[in-house]
file input31.cif (mmCIF, C-alpha atoms)
data_entry
#
loop_
_atom_site.group_PDB
_atom_site.id
_atom_site.type_symbol
_atom_site.label_atom_id
_atom_site.label_comp_id
_atom_site.auth_asym_id
_atom_site.auth_seq_id
_atom_site.Cartn_x
_atom_site.Cartn_y
_atom_site.Cartn_z
ATOM 1 C CA MET A 240 34.566 3.247 3.910
ATOM 2 C CA LYS A 241 38.123 2.305 4.852
ATOM 3 C CA PHE A 242 40.723 4.577 6.398
ATOM 4 C CA LYS A 243 43.645 5.446 4.108
ATOM 5 C CA ASP A 244 47.097 5.794 5.649
ATOM 6 C CA TYR A 245 48.691 8.265 3.260
ATOM 7 C CA TYR A 246 52.084 7.910 4.926
ATOM 8 C CA GLU A 247 51.972 4.171 4.329
ATOM 9 C CA VAL A 248 50.971 4.721 0.701
ATOM 10 C CA LEU A 249 54.120 6.804 0.129
ATOM 11 C CA GLY A 250 56.281 4.610 2.360
ATOM 12 C CA VAL A 251 57.368 7.412 4.697
ATOM 13 C CA GLU A 252 57.205 7.973 8.455
ATOM 14 C CA ARG A 253 54.620 10.309 9.976
ATOM 15 C CA GLY A 254 57.340 12.773 10.891
ATOM 16 C CA ALA A 255 58.796 12.844 7.363
ATOM 17 C CA SER A 256 59.960 16.206 6.056
ATOM 18 C CA ASP A 257 58.470 17.867 3.003
ATOM 19 C CA ASP A 258 61.577 16.902 1.003
ATOM 20 C CA ASP A 259 61.267 13.256 2.094
ATOM 21 C CA ILE A 260 57.631 13.204 0.997
ATOM 22 C CA LYS A 261 58.437 14.801 -2.344
ATOM 23 C CA ARG A 262 61.297 12.349 -3.046
ATOM 24 C CA ALA A 263 59.166 9.345 -2.095
ATOM 25 C CA TYR A 264 56.320 10.476 -4.332
ATOM 26 C CA ARG A 265 58.548 11.139 -7.354
ATOM 27 C CA LYS A 266 60.262 7.771 -7.024
ATOM 28 C CA LEU A 267 57.024 5.808 -6.750
ATOM 29 C CA ALA A 268 55.231 7.897 -9.391
ATOM 30 C CA ARG A 269 57.949 7.007 -11.909
ATOM 31 C CA LYS A 270 57.669 3.337 -10.950
ATOM 32 C CA PHE A 271 53.892 3.140 -11.288
ATOM 33 C CA HIS A 272 53.191 5.619 -14.079
ATOM 34 C CA PRO A 273 50.644 3.758 -16.250
ATOM 35 C CA ASP A 274 52.355 4.838 -19.487
ATOM 36 C CA VAL A 275 55.561 2.994 -18.627
ATOM 37 C CA SER A 276 54.917 0.631 -15.725
ATOM 38 C CA LYS A 277 54.569 -3.123 -16.127
ATOM 39 C CA GLU A 278 53.471 -3.487 -12.497
ATOM 40 C CA PRO A 279 50.024 -5.035 -11.878
ATOM 41 C CA GLN A 280 47.337 -2.437 -11.094
ATOM 42 C CA ALA A 281 49.795 0.342 -11.903
ATOM 43 C CA GLU A 282 47.076 2.866 -12.778
ATOM 44 C CA GLU A 283 45.227 2.333 -9.476
ATOM 45 C CA ARG A 284 48.479 2.569 -7.532
ATOM 46 C CA PHE A 285 49.431 5.756 -9.391
ATOM 47 C CA LYS A 286 46.097 7.370 -8.409
ATOM 48 C CA GLU A 287 46.621 6.384 -4.762
ATOM 49 C CA LEU A 288 50.057 8.002 -4.814
ATOM 50 C CA GLY A 289 48.656 11.207 -6.295
ATOM 51 C CA GLU A 290 45.925 11.378 -3.667
ATOM 52 C CA ALA A 291 48.370 10.794 -0.804
ATOM 53 C CA TYR A 292 50.745 13.426 -2.157
ATOM 54 C CA GLU A 293 47.914 15.929 -2.622
ATOM 55 C CA VAL A 294 47.277 15.749 1.128
ATOM 56 C CA LEU A 295 50.788 15.433 2.533
ATOM 57 C CA LYS A 296 52.428 18.117 0.366
ATOM 58 C CA ASP A 297 49.973 20.743 1.666
ATOM 59 C CA PRO A 298 50.693 21.911 5.262
ATOM 60 C CA GLU A 299 47.008 22.711 5.827
ATOM 61 C CA LYS A 300 45.558 19.411 4.664
ATOM 62 C CA ARG A 301 48.394 17.450 6.249
ATOM 63 C CA ALA A 302 47.784 19.090 9.638
ATOM 64 C CA ALA A 303 44.034 18.386 9.386
ATOM 65 C CA TYR A 304 44.671 14.771 8.350
ATOM 66 C CA ASP A 305 47.166 14.236 11.184
ATOM 67 C CA ARG A 306 44.743 15.644 13.739
ATOM 68 C CA LEU A 307 41.958 13.308 12.598
ATOM 69 C CA GLY A 308 43.855 10.172 11.680
ATOM 70 C CA SER A 309 46.264 9.582 14.533
ATOM 71 C CA GLY A 310 43.972 6.968 16.097
ATOM 72 C CA TYR A 311 43.236 4.950 12.938
ATOM 73 C CA GLN A 312 45.013 2.126 11.121
ATOM 74 C CA SER A 313 45.105 1.569 7.373
ATOM 75 C CA GLY A 314 42.048 -0.387 6.194
ATOM 76 C CA GLN A 315 40.108 0.203 9.405
ATOM 77 C CA ASP A 316 36.393 0.980 9.040
ATOM 78 C CA PHE A 317 36.123 4.741 9.068
ATOM 79 C CA GLN A 318 33.458 7.422 9.090
ATOM 80 C CA PRO A 319 34.576 10.993 9.770
ATOM 81 C CA PRO A 320 32.813 12.637 12.705
ATOM 82 C CA PRO A 321 30.051 14.959 11.423
ATOM 83 C CA ASP A 322 31.872 18.083 12.582
ATOM 84 C CA TRP A 323 35.470 16.867 12.279
ATOM 85 C CA GLY A 324 36.525 19.848 10.141
ATOM 86 C CA SER A 325 34.721 22.508 12.130
ATOM 87 C CA GLY A 326 36.919 25.431 13.021
ATOM 88 C CA PHE A 327 39.750 24.372 10.741
ATOM 89 C CA GLU A 328 40.834 27.188 8.451
ATOM 90 C CA PHE A 329 42.114 26.723 4.902
ATOM 91 C CA SER A 330 43.768 29.461 2.878
ATOM 92 C CA GLY A 331 42.841 30.195 -0.715
ATOM 93 C CA ALA A 332 46.472 29.875 -1.758
ATOM 94 C CA GLY A 333 47.017 26.463 -0.215
ATOM 95 C CA GLY A 334 48.693 23.449 -1.720
ATOM 96 C CA ASP A 335 45.644 22.373 -3.700
ATOM 97 C CA ARG A 336 45.806 25.483 -5.909
ATOM 98 C CA GLY A 337 44.268 24.679 -9.244
ATOM 99 C CA MET A 338 42.582 21.467 -8.078
ATOM 100 C CA GLY A 339 39.050 21.675 -9.368
ATOM 101 C CA GLU A 340 36.056 19.376 -9.616
ATOM 102 C CA GLU A 341 37.567 17.189 -12.355
ATOM 103 C CA GLU A 342 40.845 16.542 -10.522
ATOM 104 C CA ALA A 343 39.172 15.911 -7.183
ATOM 105 C CA ALA A 344 36.732 13.469 -8.813
ATOM 106 C CA ALA A 345 39.668 11.157 -9.520
ATOM 107 C CA PHE A 346 40.327 10.801 -5.802
ATOM 108 C CA SER A 347 38.630 8.349 -3.446
ATOM 109 C CA ASP A 348 35.472 8.754 -1.379
ATOM 110 C CA PHE A 349 37.780 8.899 1.650
ATOM 111 C CA PHE A 350 39.467 12.040 0.298
ATOM 112 C CA GLU A 351 36.138 13.556 -0.691
ATOM 113 C CA SER A 352 34.668 12.971 2.785
ATOM 114 C CA LEU A 353 37.551 14.899 4.357
ATOM 115 C CA PHE A 354 38.500 17.599 1.892
ATOM 116 C CA GLY A 355 35.868 17.744 -0.833
ATOM 117 C CA GLY A 356 34.133 20.830 0.536
ATOM 118 C CA ALA A 357 36.257 23.423 2.249
ATOM 119 C CA ALA A 358 39.590 22.622 0.612
ATOM 120 C CA ARG A 359 38.226 22.508 -2.939
ATOM 121 C CA GLY A 360 36.171 25.618 -2.255
ATOM 122 C CA ALA A 361 39.365 27.358 -1.243
ATOM 123 C CA SER A 362 40.999 26.316 -4.492
ATOM 124 C CA GLN A 363 38.108 27.531 -6.643
ATOM 125 C CA ALA A 364 37.906 30.837 -4.807
ATOM 126 C CA HIS A 365 41.638 31.259 -5.272
ATOM 127 C CA ALA A 366 41.234 30.760 -9.004
ATOM 128 C CA ARG A 367 38.552 33.471 -9.082
ATOM 129 C CA HIS A 368 40.543 35.920 -6.958
ATOM 130 C CA SER A 369 44.123 35.055 -7.896
ATOM 131 C CA ALA A 370 45.146 38.714 -7.751
ATOM 132 C CA ARG A 371 44.635 38.703 -3.997
ATOM 133 C CA ALA A 372 45.296 35.034 -3.128
ATOM 134 C CA ALA A 373 44.253 35.918 0.406
ATOM 135 C CA ASP A 374 40.794 34.448 0.994
ATOM 136 C CA HIS A 375 40.352 31.896 3.761
ATOM 137 C CA HIS A 376 37.734 29.162 4.195
ATOM 138 C CA ALA A 377 36.482 27.201 7.199
ATOM 139 C CA ARG A 378 33.551 25.096 8.303
ATOM 140 C CA ILE A 379 31.722 26.016 11.471
ATOM 141 C CA ALA A 380 29.176 23.856 13.304
ATOM 142 C CA ILE A 381 26.074 25.532 14.713
ATOM 143 C CA ASP A 382 22.985 24.313 16.540
ATOM 144 C CA LEU A 383 19.864 23.904 14.447
ATOM 145 C CA GLU A 384 18.056 26.327 16.753
ATOM 146 C CA ASP A 385 20.424 29.118 15.647
ATOM 147 C CA ALA A 386 19.085 28.808 12.104
ATOM 148 C CA PHE A 387 15.539 29.460 13.327
ATOM 149 C CA SER A 388 16.086 32.625 15.292
ATOM 150 C CA GLY A 389 19.534 33.833 14.202
ATOM 151 C CA ALA A 390 22.308 34.261 16.741
ATOM 152 C CA GLU A 391 25.627 35.876 17.477
ATOM 153 C CA ARG A 392 28.297 33.321 18.324
ATOM 154 C CA THR A 393 31.969 33.317 19.278
ATOM 155 C CA ILE A 394 33.984 30.888 17.157
ATOM 156 C CA THR A 395 37.586 29.745 17.382
ATOM 157 C CA LEU A 396 39.448 28.913 14.171
ATOM 158 C CA GLN A 397 42.647 26.902 13.922
ATOM 159 C CA SER A 398 45.032 27.219 11.006
ATOM 160 C CA PRO A 399 48.402 25.539 10.377
ATOM 161 C CA HIS A 400 51.448 27.677 9.616
ATOM 162 C CA ALA A 401 54.772 26.403 8.327
ATOM 163 C CA ASP A 402 57.967 28.136 9.449
ATOM 164 C CA ALA A 403 61.120 28.533 7.360
ATOM 165 C CA SER A 404 62.231 24.991 8.204
ATOM 166 C CA GLY A 405 58.885 23.497 7.178
ATOM 167 C CA ARG A 406 57.741 22.770 10.753
ATOM 168 C CA VAL A 407 53.977 23.171 11.062
ATOM 169 C CA THR A 408 52.405 24.772 14.117
ATOM 170 C CA MET A 409 48.747 25.517 14.846
ATOM 171 C CA GLN A 410 47.559 29.049 15.449
ATOM 172 C CA GLU A 411 44.174 30.109 16.804
ATOM 173 C CA ARG A 412 41.996 33.170 16.465
ATOM 174 C CA THR A 413 38.595 34.050 17.898
ATOM 175 C CA LEU A 414 35.821 35.892 16.054
ATOM 176 C CA ARG A 415 32.274 37.063 16.774
ATOM 177 C CA VAL A 416 29.994 35.859 13.984
ATOM 178 C CA GLN A 417 26.412 36.808 13.213
ATOM 179 C CA ILE A 418 24.391 33.720 12.227
ATOM 180 C CA PRO A 419 21.500 34.883 10.020
ATOM 181 C CA ARG A 420 18.000 33.517 10.546
ATOM 182 C CA GLY A 421 17.162 30.852 7.977
ATOM 183 C CA VAL A 422 20.767 29.928 7.165
ATOM 184 C CA ARG A 423 21.034 26.515 5.490
ATOM 185 C CA GLU A 424 23.594 23.763 5.786
ATOM 186 C CA GLY A 425 26.314 24.237 3.169
ATOM 187 C CA GLN A 426 25.643 27.974 2.877
ATOM 188 C CA ARG A 427 28.710 30.211 3.113
ATOM 189 C CA LEU A 428 28.924 33.390 5.142
ATOM 190 C CA ARG A 429 31.386 36.035 3.953
ATOM 191 C CA LEU A 430 33.364 38.006 6.499
ATOM 192 C CA ALA A 431 34.959 40.818 4.532
ATOM 193 C CA GLY A 432 38.605 41.578 5.301
ATOM 194 C CA GLN A 433 39.080 38.586 7.628
ATOM 195 C CA GLY A 434 41.453 36.736 5.304
ATOM 196 C CA THR A 435 45.132 37.630 4.999
ATOM 197 C CA PRO A 436 46.806 40.508 3.128
ATOM 198 C CA GLY A 437 47.350 39.775 -0.561
ATOM 199 C CA PRO A 438 50.066 40.996 -2.945
ATOM 200 C CA ASP A 439 48.094 44.205 -3.509
ATOM 201 C CA GLY A 440 48.096 44.942 0.234
ATOM 202 C CA ARG A 441 44.358 44.412 0.671
ATOM 203 C CA SER A 442 43.092 41.716 3.010
ATOM 204 C CA GLY A 443 41.117 38.845 1.593
ATOM 205 C CA ASP A 444 37.822 37.561 2.931
ATOM 206 C CA LEU A 445 36.914 34.691 5.223
ATOM 207 C CA TYR A 446 34.196 32.310 4.004
ATOM 208 C CA LEU A 447 32.470 30.209 6.666
ATOM 209 C CA GLU A 448 30.629 27.095 5.487
ATOM 210 C CA ILE A 449 27.688 26.313 7.757
ATOM 211 C CA GLN A 450 27.305 22.826 9.170
ATOM 212 C CA PHE A 451 24.564 21.748 11.585
ATOM 213 C CA ARG A 452 25.477 19.767 14.668
ATOM 214 C CA PRO A 453 23.530 16.490 14.921
ATOM 215 C CA HIS A 454 20.198 17.113 16.624
ATOM 216 C CA ALA A 455 18.616 14.759 19.140
ATOM 217 C CA TRP A 456 15.223 14.875 17.387
ATOM 218 C CA TYR A 457 15.414 16.383 13.916
ATOM 219 C CA ARG A 458 17.105 15.397 10.678
ATOM 220 C CA VAL A 459 17.655 18.195 8.149
ATOM 221 C CA VAL A 460 17.297 17.809 4.371
ATOM 222 C CA ASP A 461 17.804 21.131 2.606
ATOM 223 C CA LYS A 462 15.184 23.322 4.329
ATOM 224 C CA ASP A 463 12.896 20.468 5.453
ATOM 225 C CA LEU A 464 12.993 18.736 8.834
ATOM 226 C CA TYR A 465 12.219 15.104 9.657
ATOM 227 C CA LEU A 466 11.085 13.880 13.074
ATOM 228 C CA THR A 467 10.364 10.332 14.257
ATOM 229 C CA LEU A 468 7.358 10.541 16.603
ATOM 230 C CA PRO A 469 6.578 7.596 18.930
ATOM 231 C CA VAL A 470 2.875 6.779 19.305
ATOM 232 C CA ALA A 471 1.081 4.214 21.447
ATOM 233 C CA PRO A 472 -0.748 1.319 19.702
ATOM 234 C CA TRP A 473 -4.184 2.744 20.605
ATOM 235 C CA GLU A 474 -3.196 6.197 19.274
ATOM 236 C CA ALA A 475 -2.202 4.617 15.960
ATOM 237 C CA ALA A 476 -5.197 2.300 15.768
ATOM 238 C CA LEU A 477 -7.919 4.700 16.920
ATOM 239 C CA GLY A 478 -6.419 7.972 15.735
ATOM 240 C CA GLY A 479 -6.629 11.302 17.502
ATOM 241 C CA GLU A 480 -4.627 14.329 18.570
ATOM 242 C CA VAL A 481 -1.123 13.819 19.951
ATOM 243 C CA ALA A 482 1.519 16.329 21.016
ATOM 244 C CA ALA A 483 4.598 16.748 18.817
ATOM 245 C CA PRO A 484 7.622 19.015 19.256
ATOM 246 C CA THR A 485 8.602 21.554 16.610
ATOM 247 C CA PRO A 486 11.458 24.069 16.738
ATOM 248 C CA ALA A 487 8.839 26.774 17.340
ATOM 249 C CA GLY A 488 7.140 24.881 20.182
ATOM 250 C CA THR A 489 4.799 21.975 20.854
ATOM 251 C CA VAL A 490 1.813 21.480 18.535
ATOM 252 C CA GLU A 491 -1.078 19.015 18.368
ATOM 253 C CA VAL A 492 -1.076 16.797 15.278
ATOM 254 C CA ASN A 493 -3.876 14.575 14.051
ATOM 255 C CA VAL A 494 -2.920 10.901 13.757
ATOM 256 C CA PRO A 495 -5.294 9.200 11.281
ATOM 257 C CA ALA A 496 -7.004 6.041 12.549
ATOM 258 C CA GLY A 497 -5.314 2.843 11.390
ATOM 259 C CA SER A 498 -1.854 4.378 11.138
ATOM 260 C CA GLN A 499 1.192 2.113 11.067
ATOM 261 C CA THR A 500 4.886 2.639 11.760
ATOM 262 C CA GLY A 501 6.411 4.600 8.898
ATOM 263 C CA ARG A 502 3.365 6.719 8.059
ATOM 264 C CA LYS A 503 4.394 10.301 7.299
ATOM 265 C CA LEU A 504 2.526 13.436 8.290
ATOM 266 C CA ARG A 505 3.448 16.817 6.801
ATOM 267 C CA LEU A 506 3.352 20.075 8.748
ATOM 268 C CA LYS A 507 3.586 22.735 6.071
ATOM 269 C CA GLY A 508 5.901 25.664 6.781
ATOM 270 C CA ARG A 509 7.309 24.175 10.005
ATOM 271 C CA GLY A 510 10.779 23.585 8.575
ATOM 272 C CA LEU A 511 13.635 26.066 8.263
ATOM 273 C CA PRO A 512 12.518 29.684 7.806
ATOM 274 C CA ALA A 513 12.877 31.139 4.310
ATOM 275 C CA ALA A 514 10.921 33.205 1.794
ATOM 276 C CA GLU A 515 9.112 29.912 1.237
ATOM 277 C CA PRO A 516 9.659 28.006 4.507
ATOM 278 C CA GLY A 517 10.510 24.339 4.578
ATOM 279 C CA ASP A 518 8.185 21.669 5.932
ATOM 280 C CA LEU A 519 8.341 19.363 8.947
ATOM 281 C CA TYR A 520 7.740 15.707 8.127
ATOM 282 C CA ILE A 521 6.664 13.521 11.038
ATOM 283 C CA GLU A 522 7.237 9.781 10.693
ATOM 284 C CA LEU A 523 5.161 7.708 13.084
ATOM 285 C CA LYS A 524 6.691 4.881 15.094
ATOM 286 C CA VAL A 525 4.327 2.583 16.974
ATOM 287 C CA VAL A 526 5.832 1.744 20.368
ATOM 288 C CA LEU A 527 4.482 -1.137 22.477
ATOM 289 C CA PRO A 528 4.095 -0.818 26.236
ATOM 290 C CA PRO A 529 6.291 -3.339 28.078
ATOM 291 C CA ALA A 530 4.700 -6.433 29.587
ATOM 292 C CA ASP A 531 6.548 -5.822 32.838
ATOM 293 C CA ASN A 532 3.788 -6.418 35.386
ATOM 294 C CA PRO A 533 0.965 -8.951 35.841
ATOM 295 C CA LYS A 534 -1.755 -6.572 34.705
ATOM 296 C CA ALA A 535 0.081 -5.751 31.467
ATOM 297 C CA VAL A 536 0.656 -9.456 30.805
ATOM 298 C CA GLU A 537 -3.039 -10.162 31.263
ATOM 299 C CA LEU A 538 -3.977 -7.346 28.869
ATOM 300 C CA TYR A 539 -1.666 -8.723 26.196
ATOM 301 C CA LYS A 540 -3.092 -12.224 26.678
ATOM 302 C CA HIS A 541 -6.605 -10.824 26.384
ATOM 303 C CA MET A 542 -5.716 -9.014 23.152
ATOM 304 C CA ALA A 543 -4.159 -12.173 21.733
ATOM 305 C CA SER A 544 -7.278 -14.134 22.539
ATOM 306 C CA GLU A 545 -9.877 -11.584 21.460
ATOM 307 C CA LEU A 546 -8.315 -9.958 18.404
ATOM 308 C CA ARG A 547 -6.986 -13.089 16.701
ATOM 309 C CA PHE A 548 -4.533 -10.864 14.850
ATOM 310 C CA ASN A 549 -1.920 -12.424 12.523
ATOM 311 C CA PRO A 550 0.536 -9.807 11.205
ATOM 312 C CA ARG A 551 2.171 -12.449 8.957
ATOM 313 C CA LEU A 552 -0.972 -13.425 7.080
ATOM 314 C CA HIS A 553 0.257 -11.783 3.871
ATOM 315 C CA LEU A 554 3.311 -14.054 3.999
ATOM 316 C CA GLY A 555 1.139 -17.161 3.951
ATOM 317 C CA VAL A 556 2.166 -18.247 7.445
#
call {"tool": "encode", "arguments": {"input": "input31.cif", "output": "structure tokens"}}
result
Amino acid sequence: MKFKDYYEVLGVERGASDDDIKRAYRKLARKFHPDVSKEPQAEERFKELGEAYEVLKDPEKRAAYDRLGSGYQSGQDFQPPPDWGSGFEFSGAGGDRGMGEEEAAAFSDFFESLFGGAARGASQAHARHSARAADHHARIAIDLEDAFSGAERTITLQSPHADASGRVTMQERTLRVQIPRGVREGQRLRLAGQGTPGPDGRSGDLYLEIQFRPHAWYRVVDKDLYLTLPVAPWEAALGGEVAAPTPAGTVEVNVPAGSQTGRKLRLKGRGLPAAEPGDLYIELKVVLPPADNPKAVELYKHMASELRFNPRLHLGV
């Protein structure tokens, strides 16, 4: 995926005012509107303009984009950090009001990777609760271990606020949040009354979308876990019991004789806790001891001589 410089798309400087951005968009949108434009690739250019304007017209999304994108150039290979949006708070009455699934689908994968979750969720919630227009949304990153036992955590949320002149500043607030046992990635926690006051005087709610921090050992898919487990050649060839970590502690697993790299073992119920718990899938990886001393070299030479093993036989070589 390539980084998109939305300021470059609209032909404005990074410090451009809201009025400058609006004027630039209107001028270029008229020029490239597919119903009237004779320019090559007018429709594609028109979509790019709409996507750039969707981000830069909204103080919240613009502040998030500026925070992430200051170190990137247009066209540079880009992958957003897994927790780039953690702790960034969107309001339900933000600039993407009314943008639903269909509108967002017209935008690029780059836009979707940055704003497809929390920002669109804010828009949809606003549509459902337009009388209050006061709900807020944010992603928070937690450790996988918190989902197994539950936890109480202190989180800090940042939200952009525009003053009367349109200047955006970041404000912070700190909250104590109860992480329920068995929470899943993508699940939303509702904190009643932690939004902002709406037109009716009642405060909206704060919705926190759960995101797991990358784990050193486990990969999470829904409520299942995946672990790559190194095994020695003799453990794979001969089989036997080997120790394997699980979030609940170390267990002994049976490696079938003749196993190869990539073989999967399933530990039922060892995934994320739930009414029906997830499973833990162990993928074996055969690891060779290094030939870093004379004795190891001799052992490898002996194996080569005695076993006469050709792993490429099936390739005809």
call {"tool": "closest_residue", "arguments": {"input": "input31.cif", "among": "A:Asp305, A:Glu252, A:Glu384, A:Glu351", "to": "Ala487 of chain A", "atoms": "only C-alpha atoms"}}
result
A:Glu384
call {"tool": "resolve_selection", "arguments": {"input": "input31.cif", "expression": "the PyMOL selection byres ((chain A and resi 458-461) around 9)", "output": "PyMOL selection string"}}
result
chain A and resi 383+423-424+451+453-457+462-466+510-511+517
call {"tool": "write_last_selection", "arguments": {"input": "input31.cif", "atoms": "C-alpha atoms", "output": "mmCIF file, in the frame of the given file"}}
result
data_model
loop_
_atom_site.group_PDB
_atom_site.id
_atom_site.type_symbol
_atom_site.label_atom_id
_atom_site.label_comp_id
_atom_site.auth_asym_id
_atom_site.auth_seq_id
_atom_site.Cartn_x
_atom_site.Cartn_y
_atom_site.Cartn_z
ATOM 1 C CA LEU A 383 19.864 23.904 14.447
ATOM 2 C CA ARG A 423 21.034 26.515 5.490
ATOM 3 C CA GLU A 424 23.594 23.763 5.786
ATOM 4 C CA PHE A 451 24.564 21.748 11.585
ATOM 5 C CA PRO A 453 23.530 16.490 14.921
ATOM 6 C CA HIS A 454 20.198 17.113 16.624
ATOM 7 C CA ALA A 455 18.616 14.759 19.140
ATOM 8 C CA TRP A 456 15.223 14.875 17.387
ATOM 9 C CA TYR A 457 15.414 16.383 13.916
ATOM 10 C CA LYS A 462 15.184 23.322 4.329
ATOM 11 C CA ASP A 463 12.896 20.468 5.453
ATOM 12 C CA LEU A 464 12.993 18.736 8.834
ATOM 13 C CA TYR A 465 12.219 15.104 9.657
ATOM 14 C CA LEU A 466 11.085 13.880 13.074
ATOM 15 C CA GLY A 510 10.779 23.585 8.575
ATOM 16 C CA LEU A 511 13.635 26.066 8.263
ATOM 17 C CA GLY A 517 10.510 24.339 4.578
#
call {"tool": "residues_around", "arguments": {"input": "input31.cif", "residues": "Arg265 of chain A", "least_positions_apart": "3", "cutoff": "10 Å", "atoms": "only C-alpha atoms", "output": "PyMOL selection string"}}
result
chain A and resi 249+260-262+268-270+288-289+292
call {"tool": "atom_distance", "arguments": {"input": "input31.cif", "atom1": "atom CA of Leu445 of chain A", "atom2": "atom CA of Met409 of chain A"}}
result
17.8 Å
call {"tool": "resolve_selection", "arguments": {"input": "input31.cif", "expression": "the PyMOL selection byres ((chain A and resi 484) around 12)", "output": "ChimeraX atom specification"}}
result
/A:455-457,464-469,481-483,485-492,506,509,519-521
call {"tool": "atom_distance", "arguments": {"input": "input31.cif", "atom1": "atom CA of Gln417 of chain A", "atom2": "atom CA of Arg392 of chain A"}}
result
6.5 Å
call {"tool": "atom_distance", "arguments": {"input": "input31.cif", "atom1": "atom CA of Val470 of chain A", "atom2": "atom CA of Val525 of chain A"}}
result
5.0 Å
call {"tool": "resolve_selection", "arguments": {"input": "input31.cif", "expression": "the PyMOL selection byres ((chain A and resi 243) around 9)", "output": "PDB file with C-alpha atoms, keeping the file's coordinate frame"}}
result
ATOM      1  CA  LYS A 241      38.123   2.305   4.852  1.00  0.00           C
ATOM      2  CA  PHE A 242      40.723   4.577   6.398  1.00  0.00           C
ATOM      3  CA  ASP A 244      47.097   5.794   5.649  1.00  0.00           C
ATOM      4  CA  TYR A 245      48.691   8.265   3.260  1.00  0.00           C
ATOM      5  CA  TYR A 246      52.084   7.910   4.926  1.00  0.00           C
ATOM      6  CA  GLU A 247      51.972   4.171   4.329  1.00  0.00           C
ATOM      7  CA  VAL A 248      50.971   4.721   0.701  1.00  0.00           C
ATOM      8  CA  ALA A 291      48.370  10.794  -0.804  1.00  0.00           C
ATOM      9  CA  GLY A 308      43.855  10.172  11.680  1.00  0.00           C
ATOM     10  CA  TYR A 311      43.236   4.950  12.938  1.00  0.00           C
ATOM     11  CA  GLN A 312      45.013   2.126  11.121  1.00  0.00           C
ATOM     12  CA  SER A 313      45.105   1.569   7.373  1.00  0.00           C
ATOM     13  CA  GLY A 314      42.048  -0.387   6.194  1.00  0.00           C
ATOM     14  CA  GLN A 315      40.108   0.203   9.405  1.00  0.00           C
ATOM     15  CA  PHE A 349      37.780   8.899   1.650  1.00  0.00           C
ATOM     16  CA  PHE A 350      39.467  12.040   0.298  1.00  0.00           C
TER      17      PHE A 350
END
call {"tool": "closest_residue", "arguments": {"input": "input31.cif", "among": "A:Leu267, A:Val275, A:Ala513, A:Leu447", "to": "Arg420 of chain A", "atoms": "all atoms listed in the file"}}
result
A:Ala513
call {"tool": "closest_residue", "arguments": {"input": "input31.cif", "among": "A:Glu328, A:Glu293, A:Asp348, A:Asp257", "to": "Met240 of chain A", "atoms": "all atoms listed in the file"}}
result
A:Asp348
call {"tool": "closest_residue", "arguments": {"input": "input31.cif", "among": "A:Ser325, A:Ser330, A:Ser352, A:Gln426", "to": "Arg378 of chain A", "atoms": "all atoms listed in the file"}}
result
A:Ser325
call {"tool": "closest_residue", "arguments": {"input": "input31.cif", "among": "A:Asp274, A:Asp531, A:Asp259, A:Glu522", "to": "Ala475 of chain A", "atoms": "all atoms listed in the file"}}
result
A:Glu522
call {"tool": "decode", "arguments": {"input": "input31.cif", "residues": "segment 414-432 of chain A", "atoms": "C-alpha atoms", "output": "short mmCIF file (atom, residue, chain, number, x, y, z; two decimals), in the first residue's frame"}}
result
data_model
loop_
_atom_site.label_atom_id
_atom_site.label_comp_id
_atom_site.auth_asym_id
_atom_site.auth_seq_id
_atom_site.Cartn_x
_atom_site.Cartn_y
_atom_site.Cartn_z
CA LEU A 414 -10.15 7.29 32.54
CA ARG A 415 -10.19 4.06 34.55
CA VAL A 416 -11.62 1.28 32.39
CA GLN A 417 -12.71 -2.21 33.36
CA ILE A 418 -11.57 -4.74 30.74
CA PRO A 419 -13.95 -7.72 30.90
CA ARG A 420 -12.62 -11.27 30.80
CA GLY A 421 -13.02 -12.80 27.35
CA VAL A 422 -13.20 -9.50 25.46
CA ARG A 423 -12.48 -9.93 21.74
CA GLU A 424 -10.64 -7.74 19.28
CA GLY A 425 -13.08 -5.37 17.59
CA GLN A 426 -15.56 -5.56 20.47
CA ARG A 427 -16.81 -2.21 21.78
CA LEU A 428 -17.13 -1.30 25.44
CA ARG A 429 -19.74 1.31 26.34
CA LEU A 430 -18.96 3.87 29.02
CA ALA A 431 -22.27 5.54 29.76
CA GLY A 432 -22.21 9.33 30.12
#
